[in-house]
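Peer 1: See upload06.pdb below, with PDB, C-alpha atoms, pLDDT in the B column.
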```pdb
ATOM      1  CA  MET A 688       8.515  25.976 -31.973  1.00 47.00           C
ATOM      2  CA  LEU A 689       6.101  23.053 -32.220  1.00 59.00           C
ATOM      3  CA  GLU A 690       5.384  21.652 -35.655  1.00 77.00           C
ATOM      4  CA  GLU A 691       1.768  20.889 -36.395  1.00 85.00           C
ATOM      5  CA  PRO A 692       1.296  17.280 -37.547  1.00 91.00           C
ATOM      6  CA  ARG A 693      -0.061  16.959 -41.047  1.00 94.00           C
ATOM      7  CA  SER A 694      -2.507  14.346 -39.765  1.00 95.00           C
ATOM      8  CA  GLY A 695      -3.956  16.954 -37.427  1.00 95.00           C
ATOM      9  CA  ARG A 696      -4.678  19.254 -40.336  1.00 96.00           C
ATOM     10  CA  LEU A 697      -6.192  16.397 -42.352  1.00 97.00           C
ATOM     11  CA  ALA A 698      -8.427  15.318 -39.469  1.00 96.00           C
ATOM     12  CA  ALA A 699      -9.549  18.860 -38.614  1.00 96.00           C
ATOM     13  CA  TRP A 700     -10.217  20.137 -42.117  1.00 97.00           C
ATOM     14  CA  GLY A 701     -11.514  16.778 -43.361  1.00 96.00           C
ATOM     15  CA  ASN A 702     -14.071  16.775 -40.545  1.00 97.00           C
ATOM     16  CA  ALA A 703     -15.022  20.360 -41.384  1.00 97.00           C
ATOM     17  CA  LEU A 704     -15.593  19.260 -44.985  1.00 96.00           C
ATOM     18  CA  PHE A 705     -17.647  16.213 -43.960  1.00 96.00           C
ATOM     19  CA  ALA A 706     -19.770  18.472 -41.730  1.00 95.00           C
ATOM     20  CA  GLY A 707     -20.434  20.802 -44.672  1.00 95.00           C
ATOM     21  CA  LEU A 708     -18.628  23.746 -43.083  1.00 97.00           C
ATOM     22  CA  VAL A 709     -16.033  24.263 -45.844  1.00 96.00           C
ATOM     23  CA  SER A 710     -15.748  23.510 -49.544  1.00 95.00           C
ATOM     24  CA  PRO A 711     -13.566  20.625 -50.783  1.00 94.00           C
ATOM     25  CA  ASP A 712     -11.088  23.061 -52.334  1.00 95.00           C
ATOM     26  CA  ASP A 713     -10.792  25.118 -49.139  1.00 96.00           C
ATOM     27  CA  ALA A 714     -10.320  21.975 -47.036  1.00 96.00           C
ATOM     28  CA  ALA A 715      -7.625  20.669 -49.390  1.00 96.00           C
ATOM     29  CA  ALA A 716      -5.803  24.018 -49.424  1.00 95.00           C
ATOM     30  CA  ARG A 717      -5.773  24.160 -45.595  1.00 95.00           C
ATOM     31  CA  ILE A 718      -4.571  20.563 -45.337  1.00 96.00           C
ATOM     32  CA  VAL A 719      -1.723  21.160 -47.802  1.00 95.00           C
ATOM     33  CA  GLY A 720      -0.616  24.282 -45.932  1.00 91.00           C
ATOM     34  CA  ASP A 721       2.980  25.170 -46.830  1.00 89.00           C
ATOM     35  CA  ASP A 722       3.635  21.854 -48.603  1.00 89.00           C
ATOM     36  CA  THR A 723       3.760  21.770 -52.390  1.00 90.00           C
ATOM     37  CA  VAL A 724       1.295  18.958 -53.011  1.00 92.00           C
ATOM     38  CA  HIS A 725      -0.615  16.186 -51.220  1.00 95.00           C
ATOM     39  CA  ARG A 726      -1.747  13.040 -53.030  1.00 96.00           C
ATOM     40  CA  VAL A 727      -3.453   9.849 -51.842  1.00 96.00           C
ATOM     41  CA  ALA A 728      -2.357   6.338 -52.858  1.00 96.00           C
ATOM     42  CA  GLY A 729      -4.213   3.079 -52.308  1.00 95.00           C
ATOM     43  CA  LEU A 730      -7.688   4.592 -52.226  1.00 94.00           C
ATOM     44  CA  PRO A 731     -10.315   1.900 -52.905  1.00 92.00           C
ATOM     45  CA  GLY A 732     -11.472   2.030 -56.515  1.00 89.00           C
ATOM     46  CA  GLU A 733      -8.533   4.172 -57.675  1.00 92.00           C
ATOM     47  CA  PRO A 734      -5.671   2.520 -59.598  1.00 91.00           C
ATOM     48  CA  GLY A 735      -3.038   5.110 -58.708  1.00 93.00           C
ATOM     49  CA  GLU A 736      -2.421   8.280 -56.749  1.00 95.00           C
ATOM     50  CA  VAL A 737      -5.155  10.914 -56.779  1.00 96.00           C
ATOM     51  CA  GLY A 738      -5.347  14.527 -55.697  1.00 95.00           C
ATOM     52  CA  LEU A 739      -6.456  15.432 -52.205  1.00 95.00           C
ATOM     53  CA  THR A 740      -9.781  17.007 -53.201  1.00 95.00           C
ATOM     54  CA  LEU A 741     -10.844  13.914 -55.139  1.00 95.00           C
ATOM     55  CA  ALA A 742      -9.586  11.651 -52.338  1.00 95.00           C
ATOM     56  CA  LEU A 743     -11.670  13.452 -49.721  1.00 96.00           C
ATOM     57  CA  GLY A 744     -14.746  13.002 -51.898  1.00 94.00           C
ATOM     58  CA  ARG A 745     -13.972   9.322 -52.441  1.00 94.00           C
ATOM     59  CA  LEU A 746     -13.489   8.807 -48.695  1.00 95.00           C
ATOM     60  CA  ARG A 747     -16.890  10.347 -48.017  1.00 94.00           C
ATOM     61  CA  ALA A 748     -18.462   8.204 -50.760  1.00 93.00           C
ATOM     62  CA  SER A 749     -16.822   5.118 -49.206  1.00 93.00           C
ATOM     63  CA  GLY A 750     -18.720   5.782 -45.983  1.00 94.00           C
ATOM     64  CA  VAL A 751     -16.139   7.732 -43.990  1.00 94.00           C
ATOM     65  CA  ALA A 752     -18.194  10.003 -41.753  1.00 93.00           C
ATOM     66  CA  GLY A 753     -15.345  11.463 -39.721  1.00 94.00           C
ATOM     67  CA  LEU A 754     -11.598  11.404 -39.213  1.00 94.00           C
ATOM     68  CA  ARG A 755      -9.743  10.708 -35.973  1.00 92.00           C
ATOM     69  CA  LEU A 756      -6.151  11.743 -35.277  1.00 92.00           C
ATOM     70  CA  ALA A 757      -3.630   9.129 -34.100  1.00 92.00           C
ATOM     71  CA  LEU A 758      -0.233  10.197 -32.723  1.00 91.00           C
ATOM     72  CA  PRO A 759       1.491   6.925 -31.835  1.00 90.00           C
ATOM     73  CA  ALA A 760       4.990   6.543 -30.415  1.00 87.00           C
ATOM     74  CA  PRO A 761       7.034   3.382 -29.869  1.00 85.00           C
ATOM     75  CA  GLY A 762       5.525   1.543 -26.917  1.00 82.00           C
ATOM     76  CA  HIS A 763       2.491   3.840 -26.910  1.00 80.00           C
ATOM     77  CA  PRO A 764       0.165   3.173 -29.881  1.00 80.00           C
ATOM     78  CA  LEU A 765      -2.167   6.060 -29.073  1.00 79.00           C
ATOM     79  CA  GLY A 766      -5.160   6.055 -31.395  1.00 81.00           C
ATOM     80  CA  LEU A 767      -4.311   2.883 -33.359  1.00 87.00           C
ATOM     81  CA  SER A 768      -6.513  -0.198 -33.621  1.00 84.00           C
ATOM     82  CA  GLY A 769      -4.635  -2.297 -36.194  1.00 84.00           C
ATOM     83  CA  PRO A 770      -3.947  -4.239 -38.279  1.00 91.00           C
ATOM     84  CA  PRO A 771      -0.181  -4.575 -37.692  1.00 91.00           C
ATOM     85  CA  GLU A 772       0.730  -3.285 -41.173  1.00 93.00           C
ATOM     86  CA  PHE A 773      -1.151  -0.036 -40.617  1.00 93.00           C
ATOM     87  CA  ASN A 774       0.181   0.328 -37.072  1.00 92.00           C
ATOM     88  CA  ALA A 775       3.786  -0.175 -38.254  1.00 93.00           C
ATOM     89  CA  LEU A 776       3.482   2.539 -40.920  1.00 95.00           C
ATOM     90  CA  ALA A 777       1.785   4.893 -38.463  1.00 94.00           C
ATOM     91  CA  LEU A 778       4.488   4.295 -35.835  1.00 94.00           C
ATOM     92  CA  ASP A 779       7.199   5.000 -38.419  1.00 94.00           C
ATOM     93  CA  ALA A 780       5.476   8.234 -39.438  1.00 94.00           C
ATOM     94  CA  GLY A 781       4.547   9.160 -35.856  1.00 93.00           C
ATOM     95  CA  GLU A 782       1.072  10.107 -37.022  1.00 95.00           C
ATOM     96  CA  ALA A 783      -1.972   8.833 -38.892  1.00 95.00           C
ATOM     97  CA  VAL A 784      -5.647   9.492 -39.519  1.00 96.00           C
ATOM     98  CA  VAL A 785      -8.303   6.843 -38.938  1.00 94.00           C
ATOM     99  CA  GLY A 786     -11.698   7.044 -40.586  1.00 94.00           C
ATOM    100  CA  THR A 787     -14.909   6.518 -38.671  1.00 91.00           C
ATOM    101  CA  GLY A 788     -17.831   4.938 -40.465  1.00 91.00           C
ATOM    102  CA  ALA A 789     -15.557   3.022 -42.859  1.00 91.00           C
ATOM    103  CA  ALA A 790     -12.510   0.952 -41.979  1.00 92.00           C
ATOM    104  CA  LEU A 791      -9.882   3.096 -43.705  1.00 95.00           C
ATOM    105  CA  GLY A 792      -6.783   4.829 -42.386  1.00 95.00           C
ATOM    106  CA  LEU A 793      -4.273   7.248 -43.893  1.00 97.00           C
ATOM    107  CA  VAL A 794      -0.557   7.517 -43.128  1.00 97.00           C
ATOM    108  CA  PRO A 795       1.596  10.335 -44.586  1.00 96.00           C
ATOM    109  CA  ARG A 796       4.923   9.824 -46.314  1.00 95.00           C
ATOM    110  CA  VAL A 797       6.804  13.103 -46.658  1.00 93.00           C
ATOM    111  CA  ARG A 798       9.424  13.703 -49.332  1.00 91.00           C
ATOM    112  CA  GLU A 799      11.476  16.844 -49.818  1.00 90.00           C
ATOM    113  CA  ALA A 800      13.154  17.579 -53.132  1.00 85.00           C
ATOM    114  CA  GLY A 801      15.002  20.403 -54.809  1.00 84.00           C
ATOM    115  CA  PRO A 802      18.150  22.427 -54.250  1.00 87.00           C
ATOM    116  CA  ARG A 803      18.834  24.293 -51.024  1.00 86.00           C
ATOM    117  CA  GLY A 804      16.699  27.416 -50.899  1.00 83.00           C
ATOM    118  CA  ASP A 805      14.169  25.946 -53.341  1.00 86.00           C
ATOM    119  CA  VAL A 806      13.025  22.810 -51.535  1.00 86.00           C
ATOM    120  CA  HIS A 807       9.490  21.630 -52.082  1.00 89.00           C
ATOM    121  CA  THR A 808       7.626  19.147 -49.924  1.00 91.00           C
ATOM    122  CA  GLU A 809       5.426  16.425 -51.341  1.00 93.00           C
ATOM    123  CA  VAL A 810       3.157  14.305 -49.154  1.00 95.00           C
ATOM    124  CA  VAL A 811       1.680  10.995 -50.250  1.00 96.00           C
ATOM    125  CA  TRP A 812      -1.030   9.669 -47.946  1.00 97.00           C
ATOM    126  CA  HIS A 813      -1.184   5.871 -48.010  1.00 97.00           C
ATOM    127  CA  CYS A 814      -4.759   4.647 -47.590  1.00 96.00           C
ATOM    128  CA  LEU A 815      -4.970   1.270 -45.868  1.00 96.00           C
ATOM    129  CA  PRO A 816      -7.665  -0.872 -44.293  1.00 94.00           C
ATOM    130  CA  VAL A 817      -7.934  -0.602 -40.498  1.00 94.00           C
ATOM    131  CA  ARG A 818      -9.821  -2.550 -37.859  1.00 89.00           C
ATOM    132  CA  GLU A 819     -13.141  -1.190 -36.718  1.00 81.00           C
ATOM    133  CA  ALA A 820     -12.351  -1.220 -33.017  1.00 69.00           C
ATOM    134  CA  PRO A 821     -11.877   1.281 -30.230  1.00 64.00           C
ATOM    135  CA  PRO A 822      -8.445   2.900 -30.491  1.00 61.00           C
ATOM    136  CA  ALA A 823      -5.696   1.574 -28.274  1.00 55.00           C
ATOM    137  CA  ASP A 824      -4.776   3.424 -25.129  1.00 58.00           C
ATOM    138  CA  VAL A 825      -7.248   6.277 -25.423  1.00 62.00           C
ATOM    139  CA  PRO A 826      -8.813   6.997 -22.038  1.00 64.00           C
ATOM    140  CA  SER A 827     -12.478   7.779 -21.622  1.00 69.00           C
ATOM    141  CA  LEU A 828     -13.422  11.351 -20.774  1.00 74.00           C
ATOM    142  CA  GLY A 829     -13.979  10.384 -17.130  1.00 80.00           C
ATOM    143  CA  GLU A 830     -10.580   8.674 -16.920  1.00 77.00           C
ATOM    144  CA  ALA A 831      -8.881  11.679 -18.515  1.00 75.00           C
ATOM    145  CA  GLU A 832     -10.546  14.076 -16.049  1.00 84.00           C
ATOM    146  CA  ARG A 833      -9.536  11.863 -13.109  1.00 85.00           C
ATOM    147  CA  GLU A 834      -5.926  11.626 -14.339  1.00 83.00           C
ATOM    148  CA  LEU A 835      -5.798  15.398 -14.817  1.00 85.00           C
ATOM    149  CA  ALA A 836      -7.165  16.048 -11.328  1.00 88.00           C
ATOM    150  CA  GLU A 837      -4.629  13.629  -9.819  1.00 90.00           C
ATOM    151  CA  ALA A 838      -1.769  15.268 -11.719  1.00 88.00           C
ATOM    152  CA  LEU A 839      -2.875  18.740 -10.576  1.00 89.00           C
ATOM    153  CA  ARG A 840      -3.070  17.572  -6.941  1.00 90.00           C
ATOM    154  CA  GLU A 841       0.399  15.996  -7.141  1.00 91.00           C
ATOM    155  CA  ALA A 842       1.885  19.100  -8.757  1.00 87.00           C
ATOM    156  CA  THR A 843       0.260  21.329  -6.152  1.00 84.00           C
ATOM    157  CA  GLU A 844       1.639  19.204  -3.327  1.00 85.00           C
ATOM    158  CA  VAL A 845       5.155  19.262  -4.792  1.00 83.00           C
ATOM    159  CA  LEU A 846       5.064  23.010  -5.358  1.00 78.00           C
ATOM    160  CA  THR A 847       3.789  23.553  -1.811  1.00 77.00           C
ATOM    161  CA  ARG A 848       6.618  21.434  -0.380  1.00 77.00           C
ATOM    162  CA  LEU A 849       9.108  23.408  -2.449  1.00 73.00           C
ATOM    163  CA  ASP A 850       7.650  26.652  -1.056  1.00 66.00           C
ATOM    164  CA  VAL A 851       7.258  28.074  -4.565  1.00 61.00           C
ATOM    165  CA  ALA A 852       6.098  31.706  -4.513  1.00 58.00           C
ATOM    166  CA  GLY A 853       6.370  31.793  -0.749  1.00 58.00           C
ATOM    167  CA  SER A 854       3.099  29.925  -0.162  1.00 56.00           C
ATOM    168  CA  GLY A 855       1.809  32.892   1.813  1.00 70.00           C
ATOM    169  CA  PRO A 856      -1.737  33.254   3.198  1.00 77.00           C
ATOM    170  CA  VAL A 857      -3.223  34.166  -0.192  1.00 76.00           C
ATOM    171  CA  ALA A 858      -1.691  31.079  -1.819  1.00 73.00           C
ATOM    172  CA  ALA A 859      -2.813  28.891   1.084  1.00 78.00           C
ATOM    173  CA  ALA A 860      -6.396  30.202   0.795  1.00 83.00           C
ATOM    174  CA  ALA A 861      -6.404  29.593  -2.960  1.00 82.00           C
ATOM    175  CA  LEU A 862      -5.073  26.082  -2.408  1.00 81.00           C
ATOM    176  CA  GLU A 863      -7.769  25.321   0.160  1.00 86.00           C
ATOM    177  CA  ALA A 864     -10.443  26.650  -2.196  1.00 87.00           C
ATOM    178  CA  TYR A 865      -9.086  24.415  -4.989  1.00 86.00           C
ATOM    179  CA  ARG A 866      -9.090  21.354  -2.715  1.00 89.00           C
ATOM    180  CA  ALA A 867     -12.675  22.077  -1.624  1.00 90.00           C
ATOM    181  CA  ARG A 868     -13.789  22.353  -5.279  1.00 88.00           C
ATOM    182  CA  ALA A 869     -11.918  19.145  -6.210  1.00 86.00           C
ATOM    183  CA  GLU A 870     -13.485  17.190  -3.369  1.00 87.00           C
ATOM    184  CA  ALA A 871     -16.938  18.509  -4.238  1.00 85.00           C
ATOM    185  CA  GLY A 872     -16.483  17.038  -7.711  1.00 73.00           C
TER     186      GLY A 872
END
```
Go ahead and render the structure in this file as structure tokens.
Peer 2:
Amino acid sequence: MLEEPRSGRLAAWGNALFAGLVSPDDAAARIVGDDTVHRVAGLPGEPGEVGLTLALGRLRASGVAGLRLALPAPGHPLGLSGPPEFNALALDAGEAVVGTGAALGLVPRVREAGPRGDVHTEVVWHCLPVREAPPADVPSLGEAERELAEALREATEVLTRLDVAGSGPVAAAALEAYRARAEAG
């Protein structure tokens, strides 16, 4: 079963909050999910860690208009724009959130504590400055559509060569219809 990244929840529910679609308390509760608590450290103007609801409000007051998910992997810094300190933390965590409208990013640090059967999970989001630049390695919508179309064509050709599902007349007609649609744009 796939595990949902915490940064995905923060980006989704944070954006819903910034758009006025949910209350701060509802957004914070959805972001926390099954974890015990989420706190934010390093928030500008705050001397220590603060609760998630207050942090979301402070981010909005700092000029953050939206949140973007980054899921980097070694050698593939998807969604990161720097600086190196932020990128290194995000790569270690395998996830991050980058603010739009203000140069701030958040990286989660997860800690589990307690005896077996009574483990609780605490998340501390580290707020750091980021570069205001386009994210690394994120294709444009047109590039993504082109790559997807190429991948579908390649997969179709391989499956046809392998004679998957018999490639009978119905499959051949469907394939020709797909090719005609793809060539038409």
Peer 1: Evaluate the PyMOL selection byres ((chain A and resi 715-728) around 9) on the structure here and hand back the selected residues as JSON, numbers by chain.
Peer 2: {"A": [693, 694, 695, 696, 697, 698, 699, 700, 701, 710, 711, 712, 713, 714, 729, 730, 733, 734, 735, 736, 737, 738, 739, 740, 742, 743, 793, 795, 807, 808, 809, 810, 811, 812, 813, 814]}
Peer 1: By how many Å are CA of Gly829 (chain A) and CA of Ala777 (chain A) apart?
Peer 2: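 Here the two named atoms are 27.1 Å from each other.
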Peer 1: Go through the shown structure with the PyMOL selection byres ((chain A and resi 758) around 6) and write out the matching residues as a list in words.
Peer 2: Ala757, Pro759, Leu765, Gly781 and Glu782 of chain A
Peer 1: Please return as a PyMOL selection string every residue within 10 Å of (-19.6, 14.4, -52.1), taking into account all atoms listed in the file and the file's own coordinates.
Peer 2: chain A and resi 704-705+707+711+741+743-748
Peer 1: Name the closest residue to Gly792 (chain A) among the candidates A:Glu863, A:Val806, A:Ala780, A:Leu815; distances are taken between atoms, counting only C-alpha atoms.
Peer 2: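 Ranking A:Glu863, A:Val806, A:Ala780, A:Leu815 by distance to Gly792 (chain A), first place goes to A:Leu815.
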Peer 1: Between A:Glu870, A:Ala706, A:Arg818, A:Pro856, which has the minimum distance to Arg840 (chain A) (counting all atoms listed in the file)?
Peer 2: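 Looking at the shortest contact to Arg840 (chain A), the residue is A:Glu870.
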Peer 1: What does the structure give for the distance between CA of Leu849 (chain A) and CA of Arg833 (chain A), in Å to one decimal?
Peer 2: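 Atom-to-atom, CA of Leu849 (chain A) to CA of Arg833 (chain A), that is 24.4 Å.
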Peer 1: One number please: CA of Arg868 (chain A) to CA of Glu841 (chain A), in Å, one decimal.
Peer 2: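 Separation between CA of Arg868 (chain A) and CA of Glu841 (chain A): 15.7 Å.
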Peer 1: Could you pull the residues within 12 Å of Ala775 (chain A), counting only C-alpha atoms, minus those fewer than 3 positions along the same chain, as a ChimeraX atom specification?
Peer 2: /A:759-762,764,767-772,778-783,794,815,817
Peer 1: What lies within 12 Å of Arg866 (chain A) using all atoms listed in the file, ignoring chain neighbours under 3 positions off, as a PyMOL selection string?
Peer 2: chain A and resi 836-837+839-841+843-844+859-863+869-872
Peer 1: Please determine the residues with any atom at most 7 Å from (-11.2, 11.0, -42.1) (coordinates as given in the file, with only C-alpha atoms counting) and report them as a ChimeraX atom specification.
Peer 2: /A:698,701-702,751,753-755,784-787
Peer 1: Using all atoms listed in the file, which residue out of A:Ala703, A:Leu828, A:Ala790, A:Ala867 lies closest to Pro731 (chain A)?
Peer 2: A:Ala790
Peer 1: Extending 6 Å beyond the listed atoms of region 832-849 of chain A on each side, what axis-aligned box results? I want centre and edge lengths in Å to one decimal, as lines of an AutoDock Vina configuration file.
Peer 2:
```
center_x = -0.7
center_y = 17.6
center_z = -8.2
size_x = 31.7
size_y = 23.9
size_z = 27.7
```
